[in-house]
2 protein chains.
Amino acid sequence: VRIVLVRPSDSANVGAAARAMKNMGLARLVVVEPPRWDEARAAARAVHAVDVLAARTVVATLAEAVAGAGLVVGTTGRPTAPEHDGAVPVRALAPLVVAAAATDEVAIVFGPEDHGLSNAELDRCQRVATIPTDPAYPSLNLAHAVMVVAYELRQAAGDAEPAGAPPADGPTLAPHERQEMLYARLEAGLRAVSFLHRDNAAHMMRALRHILGRAGLADHEVQILLGVARQMAWAGDRATRRGPN
Amino acid sequence: VRIVLVRPSDSANVGAAARAMKNMGLARLVVVEPPRWDEARAAARAVHAVDVLAARTVVATLAEAVAGAGLVVGTTGRPTAPEHDGAVPVRALAPLVVAAAATDEVAIVFGPEDHGLSNAELDRCQRVATIPTDPAYPSLNLAHAVMVVAYELRQAAGDAEPAGAPPADGPTLAPHERQEMLYARLEAGLRAVSFLHRDNAAHMMRALRHILGRAGLADHEVQILLGVARQMAWAGDRATRRGPN
């Protein structure tokens, strides 16, 4: 499991997040383009997790940060956003993450301190997790949020162990970039058959992402759906070349 | 429930703890004789929980801090200390704390950053809670520990409300017969765009059922996919009426 921090504004939070990760046995930290970096601030808060901090990967984009991940889980403090009514309490999602991590790369993505992940960024995530809070003050410190999520993962992993590690009969998930290619091809195919148009495209593609994200696509399933997209594009092109009927 | 911080050495941790408390709906903070106090450091980390911070009670001794409490829960990162092998994971203890808080004053006590509560202090507590960690780095930041405990209490309180909002994670699933109609329409649409043919139809429809079955379709999602099926049928019919190309 890798922890991805998108554009954290305060290096101290990155250090504190590294500490929380190591407390819970996580080691892979990825940071997307922090606007400013203060190594001393980060290291002071990492304390004995300076090794996790030092081993971090820094990348320019969210796409790079989640490359190769079969399951990408976004986090949000806005569980009521209508487009993301699929946000699930982290405790409910943790067993699924632990099971996926047994066979696949998993990325858990946290947004910047001020506004969290944008809706466009959440759209790139197959699942969206939220930490239930008091509505009077729902905004968690970034490192606190990492702490709770890492703690839930460790708890879920502990629950999973006594029964013996699941035999991982589930399908291996397709890498994130391949899933993104699928959505691009599906969108093109759905436009070709005149299902998508200017007014509904964003809404409909988001709905499809929710459906297929919940399903969790194996590589051979992506292959099948790519075939569907290809045939939609073929039929749509021929249908419209005929002109209106 | 009151949160008691015993001799915290860094005021920033007190502010961060106040924030974590307010995030989880707790408001009563008691601090035992901090050796140094830096209001600005504390307030900066409390952010919108400066009200919780400002309303804190400062006392000289642990005895004063827990006065009047019917249940005193200590916390420790040393679960293996032989004198306190009664330390219980906080998740297991949380329902008991919530139940006690319904009728009694409850105090949860956190020790100083460096060494935690002394054994003598733990002896004053009826129960001892611990946060399970990776043995490689068991020492949590003080505010992180408060965060996890406050989070567990909120989770336990939520579980205790049977009349509360239903789990309501996923949308209501579409009735079985409607899903069957969807598969029939999808099959027709996929034949129309020449994705399905005699040799692959059974295999491909089974794969689609697996994918969509895992997702669990809500009624409005069935509606969307019916739209996709309809447009595939439309485009496929037009495309093939043109004859081979």
# chains A, B, ... in the order shown; residues from 1 in each chain; ligands from 1
call {"tool": "interface_residues", "arguments": {"of": "chain B", "to": "chain A", "cutoff": "7 Å", "atoms": "only C-alpha atoms", "output": "list in words"}}
result
Lys22, Asn23, Met24, Gly25, Thr133, Asp134, Tyr137, Pro138, Ser139, Leu140, His144, Met147, Val148, Asp169, Gly170, Val193, Ser194, Phe195, Ile211, Leu212, Arg214, Ala215, Val228, Gln231, Met232, Ala235, Gly236, Arg238 and Ala239 of chain B
call {"tool": "calpha_fit_rmsd", "arguments": {"fixed": "chain B", "moving": "chain A"}}
result
22.2 Å
call {"tool": "closest_residue", "arguments": {"among": "B:Leu117, B:Val30, B:Val98, B:Leu153", "to": "Gly74 of chain B", "atoms": "only C-alpha atoms"}}
result
B:Leu117
call {"tool": "closest_residue", "arguments": {"among": "A:Ala65, A:Ala99, A:Val73, A:Ala174", "to": "Val128 of chain A", "atoms": "only C-alpha atoms"}}
result
A:Val73
call {"tool": "select_by_dssp", "arguments": {"residues": "segment 19-237 of chain A", "states": "helix (DSSP H, G or I)", "output": "MDAnalysis selection string"}}
result
chainID A and resid 19:23 39:54 62:65 82:84 90:101 119:123 142:160 176:192 201:215 219:237
call {"tool": "select_by_dssp", "arguments": {"residues": "segment 103-205 of chain B", "states": "strand (DSSP E or B)", "output": "number ranges by chain"}}
result
B: 106-110, 127-130, 173
call {"tool": "write_last_selection", "arguments": {"atoms": "all heavy atoms", "output": "mmCIF file, in the first residue's frame"}}
result
data_model
loop_
_atom_site.group_PDB
_atom_site.id
_atom_site.type_symbol
_atom_site.label_atom_id
_atom_site.label_comp_id
_atom_site.auth_asym_id
_atom_site.auth_seq_id
_atom_site.Cartn_x
_atom_site.Cartn_y
_atom_site.Cartn_z
ATOM 1 N N VAL B 106 -16.566 10.261 32.378
ATOM 2 C CA VAL B 106 -15.470 9.401 31.959
ATOM 3 C C VAL B 106 -14.263 10.268 31.637
ATOM 4 O O VAL B 106 -14.403 11.316 30.994
ATOM 5 C CB VAL B 106 -15.854 8.576 30.718
ATOM 6 C CG1 VAL B 106 -14.667 7.747 30.229
ATOM 7 C CG2 VAL B 106 -17.046 7.668 31.016
ATOM 8 N N ALA B 107 -13.093 9.850 32.086
ATOM 9 C CA ALA B 107 -11.850 10.556 31.761
ATOM 10 C C ALA B 107 -10.925 9.602 31.024
ATOM 11 O O ALA B 107 -10.775 8.446 31.426
ATOM 12 C CB ALA B 107 -11.174 11.064 33.031
ATOM 13 N N ILE B 108 -10.338 10.099 29.933
ATOM 14 C CA ILE B 108 -9.339 9.306 29.219
ATOM 15 C C ILE B 108 -8.026 10.055 29.311
ATOM 16 O O ILE B 108 -7.949 11.238 28.974
ATOM 17 C CB ILE B 108 -9.762 9.093 27.759
ATOM 18 C CG1 ILE B 108 -11.171 8.477 27.762
ATOM 19 C CG2 ILE B 108 -8.757 8.197 27.032
ATOM 20 C CD1 ILE B 108 -11.650 8.028 26.428
ATOM 21 N N VAL B 109 -7.007 9.345 29.800
ATOM 22 C CA VAL B 109 -5.774 10.004 30.234
ATOM 23 C C VAL B 109 -4.609 9.624 29.327
ATOM 24 O O VAL B 109 -4.376 8.436 29.072
ATOM 25 C CB VAL B 109 -5.447 9.602 31.695
ATOM 26 C CG1 VAL B 109 -4.237 10.377 32.197
ATOM 27 C CG2 VAL B 109 -6.652 9.823 32.597
ATOM 28 N N PHE B 110 -3.900 10.646 28.846
ATOM 29 C CA PHE B 110 -2.733 10.451 27.983
ATOM 30 C C PHE B 110 -1.502 10.997 28.692
ATOM 31 O O PHE B 110 -1.530 12.094 29.245
ATOM 32 C CB PHE B 110 -2.904 11.189 26.658
ATOM 33 C CG PHE B 110 -4.049 10.669 25.828
ATOM 34 C CD1 PHE B 110 -5.356 11.075 26.088
ATOM 35 C CD2 PHE B 110 -3.822 9.770 24.792
ATOM 36 C CE1 PHE B 110 -6.418 10.593 25.330
ATOM 37 C CE2 PHE B 110 -4.877 9.287 24.027
ATOM 38 C CZ PHE B 110 -6.176 9.696 24.301
ATOM 39 N N ARG B 127 -9.194 1.151 33.804
ATOM 40 C CA ARG B 127 -8.894 0.380 32.602
ATOM 41 C C ARG B 127 -7.720 1.018 31.893
ATOM 42 O O ARG B 127 -7.497 2.230 31.988
ATOM 43 C CB ARG B 127 -10.108 0.356 31.643
ATOM 44 C CG ARG B 127 -11.390 -0.151 32.264
ATOM 45 C CD ARG B 127 -11.272 -1.588 32.772
ATOM 46 N NE ARG B 127 -10.977 -2.541 31.717
ATOM 47 C CZ ARG B 127 -11.898 -3.325 31.147
ATOM 48 N NH1 ARG B 127 -13.156 -3.268 31.541
ATOM 49 N NH2 ARG B 127 -11.563 -4.183 30.207
ATOM 50 N N VAL B 128 -6.965 0.200 31.150
ATOM 51 C CA VAL B 128 -5.856 0.727 30.367
ATOM 52 C C VAL B 128 -6.069 0.350 28.901
ATOM 53 O O VAL B 128 -6.272 -0.824 28.569
ATOM 54 C CB VAL B 128 -4.499 0.184 30.869
ATOM 55 C CG1 VAL B 128 -3.361 0.707 29.995
ATOM 56 C CG2 VAL B 128 -4.285 0.579 32.331
ATOM 57 N N ALA B 129 -6.055 1.362 28.063
ATOM 58 C CA ALA B 129 -6.237 1.150 26.625
ATOM 59 C C ALA B 129 -4.911 1.289 25.903
ATOM 60 O O ALA B 129 -4.028 2.047 26.326
ATOM 61 C CB ALA B 129 -7.230 2.171 26.069
ATOM 62 N N THR B 130 -4.776 0.582 24.798
ATOM 63 C CA THR B 130 -3.578 0.715 23.986
ATOM 64 C C THR B 130 -3.976 0.746 22.521
ATOM 65 O O THR B 130 -5.028 0.216 22.141
ATOM 66 C CB THR B 130 -2.581 -0.429 24.276
ATOM 67 O OG1 THR B 130 -1.334 -0.139 23.644
ATOM 68 C CG2 THR B 130 -3.098 -1.765 23.757
ATOM 69 N N LEU B 173 -30.304 -1.448 -4.378
ATOM 70 C CA LEU B 173 -30.051 -2.199 -5.597
ATOM 71 C C LEU B 173 -31.316 -2.332 -6.435
ATOM 72 O O LEU B 173 -32.423 -2.392 -5.916
ATOM 73 C CB LEU B 173 -29.522 -3.593 -5.234
ATOM 74 C CG LEU B 173 -28.166 -3.588 -4.522
ATOM 75 C CD1 LEU B 173 -27.787 -5.008 -4.123
ATOM 76 C CD2 LEU B 173 -27.089 -2.982 -5.391
#
call {"tool": "closest_residue", "arguments": {"among": "B:Val32, B:Leu186, B:Leu226, B:Leu93", "to": "Pro112 of chain B", "atoms": "only C-alpha atoms"}}
result
B:Val32
call {"tool": "residues_around", "arguments": {"residues": "Pro175 of chain B", "least_positions_apart": "4", "cutoff": "9 Å", "atoms": "only C-alpha atoms", "output": "list in words"}}
result
Gln179, Glu180, Ala218 and Asp219 of chain B
call {"tool": "write_last_selection", "arguments": {"atoms": "N, CA and C atoms", "output": "compact mmCIF listing (two decimals), in the first residue's frame"}}
result
# COMPACT_ATOMS: atom_id res chain seq x y z
N GLN B 179 -32.70 -6.06 -13.63
CA GLN B 179 -31.33 -6.37 -14.03
C GLN B 179 -31.33 -7.39 -15.17
N GLU B 180 -32.26 -8.34 -15.11
CA GLU B 180 -32.34 -9.33 -16.19
C GLU B 180 -32.73 -8.66 -17.50
N ALA B 218 -27.50 0.13 -8.87
CA ALA B 218 -28.67 0.86 -8.39
C ALA B 218 -29.63 1.05 -9.55
N ASP B 219 -30.86 1.39 -9.23
CA ASP B 219 -31.87 1.53 -10.25
C ASP B 219 -31.49 2.59 -11.31
call {"tool": "closest_residue", "arguments": {"among": "A:Arg36, A:Arg7, A:Arg78, A:Arg41", "to": "Thr61 of chain A", "atoms": "only C-alpha atoms"}}
result
A:Arg7
